[in-house]
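Colleague: Below is the file data-v3.cif, which contains mmCIF, C-alpha atoms and all ligand atoms.
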```cif
data_work
loop_
_atom_site.label_atom_id
_atom_site.label_comp_id
_atom_site.auth_asym_id
_atom_site.auth_seq_id
_atom_site.Cartn_x
_atom_site.Cartn_y
_atom_site.Cartn_z
CA MET A 1 86.73 117.72 70.37
CA LEU A 2 89.44 120.16 71.48
CA LYS A 3 88.00 123.33 69.99
CA HIS A 4 88.29 125.38 73.16
CA HIS A 5 92.05 124.81 73.18
CA PHE A 6 92.35 126.76 69.91
CA SER A 7 90.70 129.95 71.11
CA HIS A 8 93.24 132.37 69.59
CA ALA A 9 93.24 130.81 66.14
CA LEU A 10 89.48 130.22 65.97
CA THR A 11 88.55 133.67 67.28
CA ALA A 12 90.79 135.28 64.67
CA LEU A 13 89.29 133.12 61.89
CA ALA A 14 85.76 134.00 63.02
CA ALA A 15 86.65 137.70 63.09
CA ARG A 16 87.71 137.36 59.45
CA ASN A 17 84.53 135.40 58.70
CA THR A 18 86.72 132.52 57.55
CA LEU A 19 86.28 128.77 57.76
CA HIS A 20 89.47 126.72 57.96
CA PHE A 21 89.58 123.19 56.53
CA ALA A 22 93.29 122.79 55.92
CA ALA A 23 94.48 120.88 58.98
CA HIS A 24 96.67 118.91 56.58
CA SER A 25 98.53 122.09 55.69
CA HIS A 26 99.09 124.85 58.26
CA HIS A 27 97.39 123.30 61.28
CA PRO A 28 96.07 125.93 63.71
CA TRP A 29 98.34 126.28 66.71
CA PRO A 30 96.73 125.38 70.04
CA ASP A 31 96.72 128.03 72.76
CA CYS A 32 99.52 126.32 74.70
CA THR A 33 102.01 127.19 71.97
CA GLN A 34 101.90 130.88 72.87
CA ALA A 35 103.60 130.46 76.25
CA ALA A 36 106.06 127.98 74.73
CA HIS A 37 107.01 130.37 71.95
CA ASN A 38 107.41 133.13 74.50
CA GLN A 39 109.60 130.87 76.63
CA TYR A 40 112.03 130.58 73.71
CA TRP A 41 112.20 134.36 73.56
CA GLN A 42 112.83 134.47 77.30
CA ASP A 43 115.54 131.82 77.17
CA SER A 44 117.23 133.53 74.22
CA SER A 45 117.07 137.07 75.48
CA LEU A 46 117.91 136.30 79.10
CA TYR A 47 120.44 133.49 78.73
CA LEU A 48 122.00 134.13 75.28
CA ASP A 49 124.50 131.38 74.40
CA ASN A 50 123.52 129.55 77.57
CA LYS A 51 120.05 129.03 76.13
CA TRP A 52 121.48 125.90 74.46
CA ASP A 53 121.61 124.29 77.90
CA SER A 54 117.85 124.49 77.89
CA VAL A 55 117.37 123.73 74.16
CA LEU A 56 119.69 120.74 73.97
CA GLY A 57 119.45 119.61 77.58
CA LYS A 58 115.71 119.89 78.15
CA VAL A 59 113.43 120.79 75.26
CA LEU A 60 115.03 118.69 72.52
CA PRO A 61 115.19 115.52 74.68
CA SER A 62 111.55 116.10 75.62
CA CYS A 63 110.62 116.24 71.90
CA GLN A 64 112.73 113.13 71.26
CA ALA A 65 110.90 111.24 74.00
CA HIS A 66 107.49 112.31 72.71
CA LEU A 67 108.41 111.38 69.13
CA ALA A 68 109.79 107.97 70.09
CA ARG A 69 106.47 107.34 71.87
CA LEU A 70 104.52 108.46 68.77
CA LEU A 71 106.58 106.32 66.41
CA GLY A 72 106.85 103.32 68.71
CA THR A 73 110.66 103.37 68.66
CA SER A 74 112.80 102.27 71.59
CA ASP A 75 115.57 104.89 71.65
CA PRO A 76 114.62 108.60 71.66
CA LYS A 77 118.28 109.52 71.08
CA GLN A 78 117.96 108.17 67.53
CA ILE A 79 115.78 111.16 66.60
CA ALA A 80 117.44 114.01 64.69
CA PHE A 81 116.00 117.47 64.00
CA ALA A 82 116.25 119.87 61.07
CA PRO A 83 114.38 122.99 59.94
CA ASN A 84 112.65 121.11 57.11
CA THR A 85 112.47 117.64 55.57
CA GLY A 86 114.22 118.91 52.43
CA GLU A 87 117.39 119.13 54.52
CA PHE A 88 117.01 115.50 55.60
CA VAL A 89 116.47 114.36 52.02
CA ALA A 90 119.63 116.15 50.88
CA ARG A 91 121.54 114.70 53.84
CA LEU A 92 120.39 111.17 53.02
CA TYR A 93 121.39 111.57 49.38
CA SER A 94 124.79 112.82 50.55
CA ALA A 95 125.31 109.66 52.61
CA LEU A 96 125.17 107.43 49.50
CA ASP A 97 128.16 106.08 47.63
CA TRP A 98 128.53 108.41 44.61
CA THR A 99 131.45 106.56 43.01
CA LYS A 100 128.88 104.75 40.86
CA GLN A 101 125.44 105.63 39.51
CA VAL A 102 122.89 105.65 42.32
CA LYS A 103 119.70 103.63 41.83
CA VAL A 104 116.56 105.00 43.46
CA VAL A 105 113.16 103.38 43.86
CA THR A 106 110.35 105.70 44.84
CA THR A 107 106.74 106.48 43.90
CA GLY A 108 105.18 108.94 41.51
CA SER A 109 103.52 110.71 44.46
CA GLU A 110 106.29 112.14 46.61
CA PHE A 111 106.26 115.70 47.92
CA HIS A 112 108.41 118.35 46.15
CA SER A 113 111.16 118.36 48.80
CA PHE A 114 112.08 114.90 47.60
CA SER A 115 110.84 114.91 44.03
CA ARG A 116 112.44 118.22 42.96
CA LEU A 117 115.91 117.30 44.21
CA THR A 118 115.51 113.81 42.75
CA ARG A 119 114.51 115.15 39.36
CA ARG A 120 117.45 117.60 39.43
CA LEU A 121 119.89 114.80 40.26
CA GLU A 122 118.34 112.74 37.49
CA GLU A 123 119.14 115.60 35.08
CA THR A 124 122.82 115.17 35.95
CA GLY A 125 122.73 111.50 34.98
CA ARG A 126 124.18 110.53 38.37
CA ILE A 127 121.02 108.71 39.48
CA ALA A 128 118.57 106.31 37.82
CA VAL A 129 115.06 106.47 39.22
CA THR A 130 112.23 103.95 39.15
CA ARG A 131 108.88 105.52 40.07
CA VAL A 132 106.10 103.13 41.04
CA ALA A 133 102.54 104.42 40.60
CA VAL A 134 100.64 104.56 43.88
CA GLU A 135 97.31 103.64 42.29
CA PRO A 136 95.72 101.16 42.28
CA ILE A 137 96.54 101.12 45.97
CA ASP A 138 95.45 97.48 46.51
CA THR A 139 98.39 96.29 44.42
CA PHE A 140 100.86 99.01 45.47
CA THR A 141 102.83 96.95 48.01
CA GLU A 142 103.24 94.07 45.58
CA ARG A 143 104.37 96.35 42.74
CA PHE A 144 106.69 98.43 44.93
CA CYS A 145 108.32 95.36 46.48
CA GLU A 146 108.74 93.85 43.03
CA ALA A 147 110.60 97.00 41.93
CA LEU A 148 112.83 96.71 45.02
CA ARG A 149 113.69 93.13 44.10
CA THR A 150 114.30 93.75 40.39
CA GLN A 151 116.08 97.13 40.64
CA SER A 152 118.21 96.48 43.78
CA PRO A 153 118.23 100.23 44.61
CA HIS A 154 120.69 102.06 46.85
CA PHE A 155 118.01 104.46 48.03
CA VAL A 156 114.32 103.74 48.69
CA PHE A 157 111.98 106.62 49.47
CA CYS A 158 108.19 106.66 49.87
CA SER A 159 105.46 108.30 51.91
CA HIS A 160 103.40 106.75 54.64
CA VAL A 161 100.37 108.81 53.54
CA PHE A 162 100.62 110.25 50.02
CA PHE A 163 100.30 114.03 49.83
CA ASP A 164 98.28 114.10 46.60
CA THR A 165 95.63 111.38 47.02
CA GLY A 166 95.74 111.02 50.81
CA LEU A 167 96.03 107.25 50.34
CA VAL A 168 97.72 105.31 53.15
CA ASN A 169 100.75 103.22 52.20
CA PRO A 170 99.42 99.82 53.31
CA ASP A 171 102.52 97.91 54.42
CA LEU A 172 105.78 99.56 55.48
CA ASP A 173 107.02 96.30 57.03
CA ALA A 174 106.85 94.56 53.65
CA ILE A 175 108.83 97.41 52.06
CA ALA A 176 111.48 97.26 54.79
CA GLN A 177 111.81 93.52 54.26
CA ALA A 178 111.96 93.66 50.46
CA ALA A 179 114.58 96.44 50.32
CA PRO A 180 118.19 95.34 49.65
CA GLU A 181 120.11 94.97 52.87
CA ASN A 182 122.48 97.90 52.29
CA ALA A 183 119.95 100.31 50.83
CA ILE A 184 118.94 103.48 52.66
CA VAL A 185 115.19 103.17 53.22
CA ALA A 186 113.39 106.40 54.15
CA ILE A 187 109.72 107.04 54.82
CA ASP A 188 108.09 110.47 54.63
CA GLY A 189 105.62 110.47 57.50
CA TYR A 190 104.64 114.14 57.31
CA HIS A 191 100.98 113.24 56.70
CA SER A 192 100.90 110.36 59.18
CA VAL A 193 102.53 111.32 62.51
CA MET A 194 99.73 112.60 64.77
CA ALA A 195 97.20 112.01 62.00
CA LEU A 196 97.08 108.26 62.57
CA PRO A 197 98.61 105.85 65.03
CA VAL A 198 102.12 105.01 63.76
CA ASP A 199 104.14 102.04 64.94
CA ILE A 200 107.47 101.31 63.31
CA SER A 201 108.77 99.26 66.26
CA ALA A 202 109.21 96.11 64.16
CA ILE A 203 111.32 97.92 61.56
CA GLU A 204 113.00 100.66 63.61
CA SER A 205 116.50 99.29 63.03
CA ARG A 206 115.94 99.42 59.27
CA LEU A 207 114.02 102.60 58.43
CA PHE A 208 114.61 106.33 58.43
CA TYR A 209 111.26 107.90 59.23
CA MET A 210 110.75 111.67 58.93
CA GLY A 211 108.03 114.20 59.58
CA GLY A 212 107.53 117.73 60.80
CA GLY A 213 105.69 120.23 62.96
CA TYR A 214 103.77 122.28 60.40
CA LYS A 215 100.80 119.94 60.00
CA TYR A 216 99.24 117.51 62.47
CA MET A 217 101.95 118.05 65.12
CA MET A 218 100.47 121.57 65.48
CA ALA A 219 103.89 123.02 66.28
CA GLY A 220 104.63 125.04 63.16
CA GLU A 221 107.63 125.28 60.88
CA GLY A 222 111.28 124.75 61.72
CA SER A 223 110.66 121.56 63.65
CA CYS A 224 111.23 118.56 61.41
CA PHE A 225 112.42 115.27 62.81
CA MET A 226 113.83 111.99 61.60
CA HIS A 227 114.22 108.64 63.30
CA VAL A 228 117.69 107.32 62.39
CA PRO A 229 117.87 103.50 62.35
CA SER A 230 120.63 101.77 64.32
CA GLN A 231 121.72 100.20 60.99
CA ALA A 232 122.80 103.68 59.85
CA ALA A 233 125.64 103.92 62.38
CA HIS A 234 128.23 103.62 59.59
CA LEU A 235 126.77 106.34 57.33
CA ARG A 236 128.79 109.54 56.93
CA PRO A 237 126.59 112.17 55.25
CA VAL A 238 128.73 114.62 53.27
CA TYR A 239 126.14 117.35 53.78
CA THR A 240 126.86 117.61 57.48
CA GLY A 241 127.09 120.30 60.13
CA TRP A 242 128.97 120.80 63.34
CA PHE A 243 126.00 119.65 65.46
CA ALA A 244 126.62 116.15 64.01
CA ALA A 245 129.68 115.70 66.24
CA PHE A 246 130.04 117.90 69.30
CA ASP A 247 132.94 115.72 70.50
CA GLU A 248 135.04 116.94 67.58
CA LEU A 249 135.07 120.48 68.92
CA THR A 250 137.39 119.50 71.72
CA THR A 251 139.20 116.51 70.19
CA PRO A 252 139.95 117.04 66.51
CA ASN A 253 140.46 113.82 64.53
CA SER A 254 142.08 113.21 61.18
CA GLN A 255 138.80 111.86 59.81
CA ILE A 256 135.52 113.76 60.18
CA GLY A 257 133.73 112.17 63.10
CA TYR A 258 130.01 111.59 63.60
CA ALA A 259 127.87 111.04 66.66
CA HIS A 260 126.74 107.47 67.25
CA ASP A 261 123.08 108.41 67.70
CA GLY A 262 120.58 110.58 65.83
CA TYR A 263 122.92 113.58 66.07
CA ARG A 264 124.80 111.95 63.18
CA PHE A 265 122.10 113.45 60.92
CA PHE A 266 122.03 116.92 62.46
CA GLY A 267 123.08 120.07 60.62
CA ALA A 268 124.10 123.27 62.38
CA THR A 269 122.68 126.19 64.41
CA PHE A 270 118.91 126.41 64.08
CA ASP A 271 115.91 128.32 65.41
CA ALA A 272 114.64 126.03 68.18
CA SER A 273 111.34 127.81 68.83
CA GLY A 274 109.50 125.04 66.95
CA LEU A 275 110.83 122.47 69.39
CA TYR A 276 109.49 124.53 72.31
CA ARG A 277 106.07 124.55 70.66
CA MET A 278 106.28 120.84 69.83
CA ALA A 279 107.15 119.85 73.40
CA ALA A 280 104.36 122.06 74.76
CA VAL A 281 101.74 120.58 72.41
CA GLN A 282 102.72 117.04 73.33
CA ASP A 283 102.84 117.78 77.08
CA TRP A 284 99.37 119.29 76.81
CA LEU A 285 97.95 116.34 74.84
CA VAL A 286 99.48 113.76 77.16
CA GLY A 287 98.04 115.74 80.08
CA ILE A 288 94.51 115.47 78.68
CA ASN A 289 95.01 111.89 77.48
CA VAL A 290 94.65 112.54 73.78
CA GLY A 291 96.89 110.81 71.26
CA PRO A 292 96.88 109.80 67.59
CA ALA A 293 94.23 107.09 68.11
CA GLN A 294 91.70 109.56 69.55
CA ILE A 295 92.55 112.19 66.93
CA ARG A 296 92.19 109.67 64.12
CA ALA A 297 88.84 108.39 65.44
CA HIS A 298 87.50 111.94 65.70
CA VAL A 299 88.64 112.91 62.20
CA VAL A 300 87.41 109.68 60.60
CA SER A 301 83.96 110.14 62.10
CA LEU A 302 83.71 113.73 60.76
CA GLN A 303 85.32 112.77 57.46
CA ASP A 304 82.92 109.86 56.92
CA SER A 305 79.87 112.02 57.49
CA LEU A 306 81.25 114.73 55.19
CA LEU A 307 82.06 112.17 52.51
CA ALA A 308 78.63 110.52 52.70
CA GLU A 309 76.92 113.89 52.13
CA LEU A 310 79.30 114.93 49.36
CA LYS A 311 78.65 111.67 47.50
CA VAL A 312 74.97 112.49 47.02
CA LEU A 313 75.66 115.90 45.49
CA ASP A 314 75.18 116.41 41.76
CA GLY A 315 77.95 117.91 39.69
CA PRO A 316 81.73 117.56 39.72
CA ILE A 317 82.20 117.73 43.51
CA GLY A 318 79.77 114.85 44.01
CA ALA A 319 81.52 112.89 41.25
CA THR A 320 84.95 113.36 42.88
CA ALA A 321 83.58 112.24 46.26
CA GLN A 322 82.00 109.13 44.75
CA ARG A 323 85.47 107.94 43.74
CA LEU A 324 86.79 108.07 47.34
CA LYS A 325 86.74 105.12 49.71
CA SER A 326 86.87 105.93 53.42
CA GLY A 327 89.25 103.84 55.50
CA LEU A 328 92.08 103.93 52.97
CA ILE A 329 92.81 107.62 53.34
CA GLY A 330 94.62 109.81 55.87
CA ASN A 331 93.20 112.90 57.54
CA PHE A 332 92.27 114.86 54.45
CA LEU A 333 89.85 114.28 51.61
CA SER A 334 91.45 114.70 48.22
CA LEU A 335 88.85 115.46 45.56
CA THR A 336 90.30 114.56 42.18
CA PHE A 337 88.86 116.54 39.25
CA GLU A 338 89.05 115.75 35.55
CA GLY A 339 91.61 118.49 34.99
CA ASP A 340 93.53 121.27 36.72
CA ARG A 341 91.10 123.91 35.41
CA GLN A 342 88.06 122.43 37.15
CA ALA A 343 90.01 122.00 40.37
CA GLN A 344 91.25 125.58 40.10
CA SER A 345 87.76 127.01 39.67
CA THR A 346 86.54 124.95 42.62
CA GLU A 347 89.42 126.28 44.72
CA GLN A 348 88.58 129.84 43.67
CA ALA A 349 84.91 129.33 44.53
CA PHE A 350 85.90 128.12 48.02
CA LYS A 351 88.21 131.12 48.39
CA ALA A 352 85.46 133.51 47.37
CA LYS A 353 83.41 132.10 50.24
CA ASN A 354 86.32 132.52 52.67
CA ILE A 355 86.75 128.77 53.05
CA MET A 356 90.40 127.81 53.41
CA ILE A 357 91.22 124.54 51.66
CA ASP A 358 94.06 123.89 49.24
CA ARG A 359 94.81 122.43 45.83
CA ARG A 360 97.56 120.32 44.32
CA GLU A 361 97.19 120.31 40.53
CA ASN A 362 93.82 118.64 39.77
CA ARG A 363 93.14 117.81 43.42
CA VAL A 364 91.32 119.89 46.01
CA ARG A 365 92.19 118.88 49.56
CA ILE A 366 89.93 119.29 52.59
CA GLY A 367 91.60 118.58 55.94
CA LEU A 368 89.81 118.06 59.24
CA GLY A 369 91.21 118.09 62.75
CA VAL A 370 90.56 118.18 66.46
CA TYR A 371 89.41 121.81 66.23
CA HIS A 372 86.39 120.81 64.15
CA ASP A 373 83.05 119.45 65.31
CA LYS A 374 79.81 118.28 63.68
CA ASN A 375 78.51 121.86 63.37
CA ASP A 376 81.54 122.81 61.31
CA ILE A 377 80.85 119.93 58.93
CA GLY A 378 77.23 121.08 58.65
CA THR A 379 78.34 124.64 57.83
CA LEU A 380 80.85 123.41 55.26
CA LEU A 381 78.28 121.15 53.64
CA ARG A 382 75.75 123.98 53.32
CA GLU A 383 78.38 126.11 51.56
CA ILE A 384 79.41 123.26 49.27
CA ALA A 385 75.78 122.49 48.40
CA VAL A 386 75.44 126.05 47.10
CA LEU A 387 78.60 125.64 45.02
CA SER A 388 77.34 122.37 43.70
CA LEU A 389 74.09 124.02 42.54
CA GLN A 390 76.33 126.32 40.49
CA ASN A 391 77.64 123.12 38.87
CA LEU A 392 80.99 123.28 40.63
C1 LIG B 401 104.51 114.61 52.31
C2 LIG B 401 105.20 115.90 52.65
N1 LIG B 401 106.49 115.87 53.02
C3 LIG B 401 107.15 116.99 53.36
C4 LIG B 401 106.52 118.21 53.36
C5 LIG B 401 107.26 119.44 53.77
O1 LIG B 401 108.54 119.50 53.22
P1 LIG B 401 109.62 120.52 53.77
O2 LIG B 401 109.75 120.28 55.24
O3 LIG B 401 110.86 120.16 53.04
O4 LIG B 401 109.15 121.89 53.43
C6 LIG B 401 105.18 118.30 52.98
C7 LIG B 401 104.51 119.62 52.98
O5 LIG B 401 103.45 119.86 52.54
C8 LIG B 401 104.52 117.12 52.61
O6 LIG B 401 103.23 117.14 52.23
#
```
Once more with this new file: its structure as structure tokens, please.
Ligand SMILES: Cc1ncc(COP(=O)(O)O)c(C=O)c1O
Modeller:
Amino acid sequence: MLKHHFSHALTALAARNTLHFAAHSHHPWPDCTQAAHNQYWQDSSLYLDNKWDSVLGKVLPSCQAHLARLLGTSDPKQIAFAPNTGEFVARLYSALDWTKQVKVVTTGSEFHSFSRLTRRLEETGRIAVTRVAVEPIDTFTERFCEALRTQSPHFVFCSHVFFDTGLVNPDLDAIAQAAPENAIVAIDGYHSVMALPVDISAIESRLFYMGGGYKYMMAGEGSCFMHVPSQAAHLRPVYTGWFAAFDELTTPNSQIGYAHDGYRFFGATFDASGLYRMAAVQDWLVGINVGPAQIRAHVVSLQDSLLAELKVLDGPIGATAQRLKSGLIGNFLSLTFEGDRQAQSTEQAFKAKNIMIDRRENRVRIGLGVYHDKNDIGTLLREIAVLSLQNL
């Protein structure tokens, strides 16, 4: 679809005789990111401290506007940035009332940035966590909302697309409605923004919604973002930084002040090159009229044909594919093996053939994107058919 816009990345992969099917992990950077990255160098080396005029006055607002469009939210100023989503998770935790034990409702399938910190806090006894299983997905919303009603949590956290199975969380609106009125409700949209059309317009005043540049945004690391709901205007995260209140620099107050918009959830000085790349990618895509709907349609069509062919294979790979249902999953296929060992040997076999995929425990993930076409799927299938003959 947009292959020719990835000439640097694809030429380098071809030179290394490597096939890349990990769009869900490090997405290749489109060609337009090179000039954007260079522009950051120019602004920094030529303008020094004055580069922030460009970062905060031009590039960051451009990213905010693009993200508000992608999320369907009405106020771009409600978008905060941080180097990674782990920082946002810690900041959200720090905005809770810690004078009593904190109750958390989440799922058993959250990424490490959330789950590691949550488990560590659990070790301290300061939080009590209810983890709802994601599968079976058809009853997930009902079971999750039931937990929200029975547990009355202070903090609700779940993904829009789950990083392990790739399953799509079916109903964010229902979750927003079932959550207690004063709870912080946060959605991890790292596997959804720019992978599928996202629209949180109906719940924008209620939900924090985060994501980042590394994957489908094609902008690389250091560029994570979070929509801050208007309902959060009273929250005062303890883990804060001086970017959260520029006004304070000139007018010191007795109480720590916070911005009234998304800046409330900012930290401190950061490398803004990712924002330059993010703005450039979005400007380019808008210019050629490509958005999440087109990207999703392209990936689903390739993914469906890959899945149909995988399902007829003998051996473990075929068996894992037979368990997948298209339509319910995001932009990567997650092949679930009986155990870690089988998944590990499959991963190693792919590696030996210079095919870049990745693995999370007993799951091998294959991610497709706009830099793939039908020929790539054919090539991948031929390689997998050979592996499958070896009973992998
Ligand atoms: C669902 C999800 N959230 C977040 C992240 C990234 O987290 P962080 O920005 O803290 O490194 C990933 C990375 O793979 C992910 O899959």
Colleague: I want to know what sits within 10 Å of Asn38 in chain A, based on only C-alpha atoms, with residues of the same chain fewer than 4 positions away left out; could you give that as a PyMOL selection string?
Modeller: chain A and resi 33-34+42-44+273+276-277
Colleague: Can you work out which one of A:Leu60, A:Val300, A:Ser25, A:Leu117 has the shortest atom-to-atom distance to His372 in chain A, counting only C-alpha atoms?
Modeller: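 Between A:Leu60, A:Val300, A:Ser25, A:Leu117, the residue approaching His372 in chain A most closely is A:Val300.
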Colleague: So that each row is one residue of chain A with an atom at most 6 Å from ligand LIG 401 (chain B), can you give its shortest atom pair and the distance in Å to one decimal, using all atoms listed in the file, rows by chain and rising number, as a tab-separated table?
Modeller:
```
residue	atom	partner	partner_atom	distance
A:Asn84	CA	B:LIG401	O2	3.5
A:Thr85	CA	B:LIG401	O2	3.8
A:Gly86	CA	B:LIG401	O3	3.6
A:Phe111	CA	B:LIG401	C1	4.9
A:Ser113	CA	B:LIG401	O3	4.6
A:Phe163	CA	B:LIG401	O6	4.9
A:Asp188	CA	B:LIG401	N1	5.9
A:Tyr190	CA	B:LIG401	N1	5.0
A:His191	CA	B:LIG401	C1	5.8
```
Colleague: Pick out the closest residue to Lys374 in chain A from this set: A:Thr107, A:Thr141, A:Phe157, A:Lys3. Count only C-alpha atoms.
Modeller: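 Ranked by minimum distance to Lys374 in chain A, first place goes to A:Lys3.
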Colleague: Got a sec: who's within 9 Å of Gln151 in chain A, counting only C-alpha atoms, leaving out chain neighbours fewer than 4 positions off, as a list in words?
Modeller: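 Those residues are Lys103, Val104, Val105, Thr130, Glu146 and Ala147 of chain A.
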Colleague: Taking into account only C-alpha atoms, which residue in the set A:Leu328, A:Val89, A:Ala195, A:Ile256 is nearest to Arg116 in chain A?
Modeller: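 For Arg116 in chain A, the nearest of the candidates is A:Val89.
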Colleague: Excluding Glu361 in chain A and any residue of its chain fewer than 5 positions from it, enumerate the residues within 9 Å of it, using only C-alpha atoms, and give them as an NGL selection string.
Modeller: :A and (164 or 339-341 or 343-344)
Colleague: What is the distance, in Å and to one decimal place, between CA of Ile79 in chain A and CA of His234 in chain A?
Modeller: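 So the two atoms, CA of Ile79 in chain A and CA of His234 in chain A, lie 16.2 Å apart.
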Colleague: So, with all atoms listed in the file as the atoms that count, which of A:Ser192, A:Phe270, A:Pro197, A:Tyr93 lies closest to Leu235 in chain A?
Modeller: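 Between A:Ser192, A:Phe270, A:Pro197, A:Tyr93, the residue approaching Leu235 in chain A most closely is A:Tyr93.
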Colleague: Within 8 Å of Ser152 in chain A, counting all atoms listed in the file, which residues show up once you throw out same-chain ones fewer than 2 positions away? Write them as an NGL selection string, please.
Modeller: :A and (103 or 147-150 or 154 or 179-180)
Colleague: For the atom pair CA of Gln294 in chain A and CA of Val370 in chain A, what is the interatomic distance in Å to one decimal place?
Modeller: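 Value for the CA of Gln294 in chain A-CA of Val370 in chain A distance: 9.2 Å.
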Colleague: Using CA of Leu380 in chain A and CA of Ile317 in chain A as the two end points, give the distance in Å to one decimal.
Modeller: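 One can read the CA of Leu380 in chain A to CA of Ile317 in chain A distance as 13.1 Å.
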Colleague: Please provide as a list in words all residues within 12 Å of Asp314 in chain A, with the sequence filter that same-chain residues fewer than 5 positions apart are discarded (counting all atoms listed in the file).
Modeller: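 So, after excluding close chain neighbours, the residues are Glu309, Ala319, Thr320, Ala321, Gln322, Ile384, Ala385, Val386, Leu387, Ser388, Leu389, Gln390, Asn391 and Leu392 of chain A.
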Colleague: Would you mind completing range 136-152 of chain A to N, CA and C atoms and writing the output as a compact mmCIF listing (two decimals), in the coordinates of the input?
Modeller:
```
# COMPACT_ATOMS: atom_id res chain seq x y z
N PRO A 136 96.70 101.51 41.25
CA PRO A 136 95.72 101.16 42.28
C PRO A 136 96.42 100.76 43.58
N ILE A 137 95.88 101.28 44.68
CA ILE A 137 96.54 101.12 45.97
C ILE A 137 96.53 99.65 46.44
N ASP A 138 95.51 98.89 46.03
CA ASP A 138 95.45 97.48 46.51
C ASP A 138 96.63 96.65 46.01
N THR A 139 97.24 97.07 44.91
CA THR A 139 98.39 96.29 44.42
C THR A 139 99.71 97.03 44.63
N PHE A 140 99.65 98.17 45.34
CA PHE A 140 100.86 99.01 45.47
C PHE A 140 102.02 98.25 46.12
N THR A 141 101.73 97.60 47.27
CA THR A 141 102.83 96.95 48.01
C THR A 141 103.52 95.91 47.13
N GLU A 142 102.69 95.12 46.46
CA GLU A 142 103.24 94.07 45.58
C GLU A 142 104.11 94.67 44.48
N ARG A 143 103.62 95.75 43.85
CA ARG A 143 104.37 96.35 42.74
C ARG A 143 105.63 97.04 43.23
N PHE A 144 105.52 97.71 44.39
CA PHE A 144 106.69 98.43 44.93
C PHE A 144 107.77 97.43 45.34
N CYS A 145 107.35 96.37 46.02
CA CYS A 145 108.32 95.36 46.48
C CYS A 145 108.97 94.64 45.29
N GLU A 146 108.19 94.46 44.25
CA GLU A 146 108.74 93.85 43.03
C GLU A 146 109.84 94.75 42.45
N ALA A 147 109.58 96.06 42.44
CA ALA A 147 110.60 97.00 41.93
C ALA A 147 111.85 96.95 42.81
N LEU A 148 111.66 96.79 44.12
CA LEU A 148 112.83 96.71 45.02
C LEU A 148 113.66 95.48 44.69
N ARG A 149 112.98 94.38 44.38
CA ARG A 149 113.69 93.13 44.10
C ARG A 149 114.38 93.20 42.73
N THR A 150 113.69 93.77 41.73
CA THR A 150 114.30 93.75 40.39
C THR A 150 115.34 94.86 40.21
N GLN A 151 115.16 96.00 40.86
CA GLN A 151 116.08 97.13 40.64
C GLN A 151 117.28 97.12 41.60
N SER A 152 117.17 96.44 42.73
CA SER A 152 118.21 96.48 43.78
C SER A 152 118.71 97.92 44.03
```
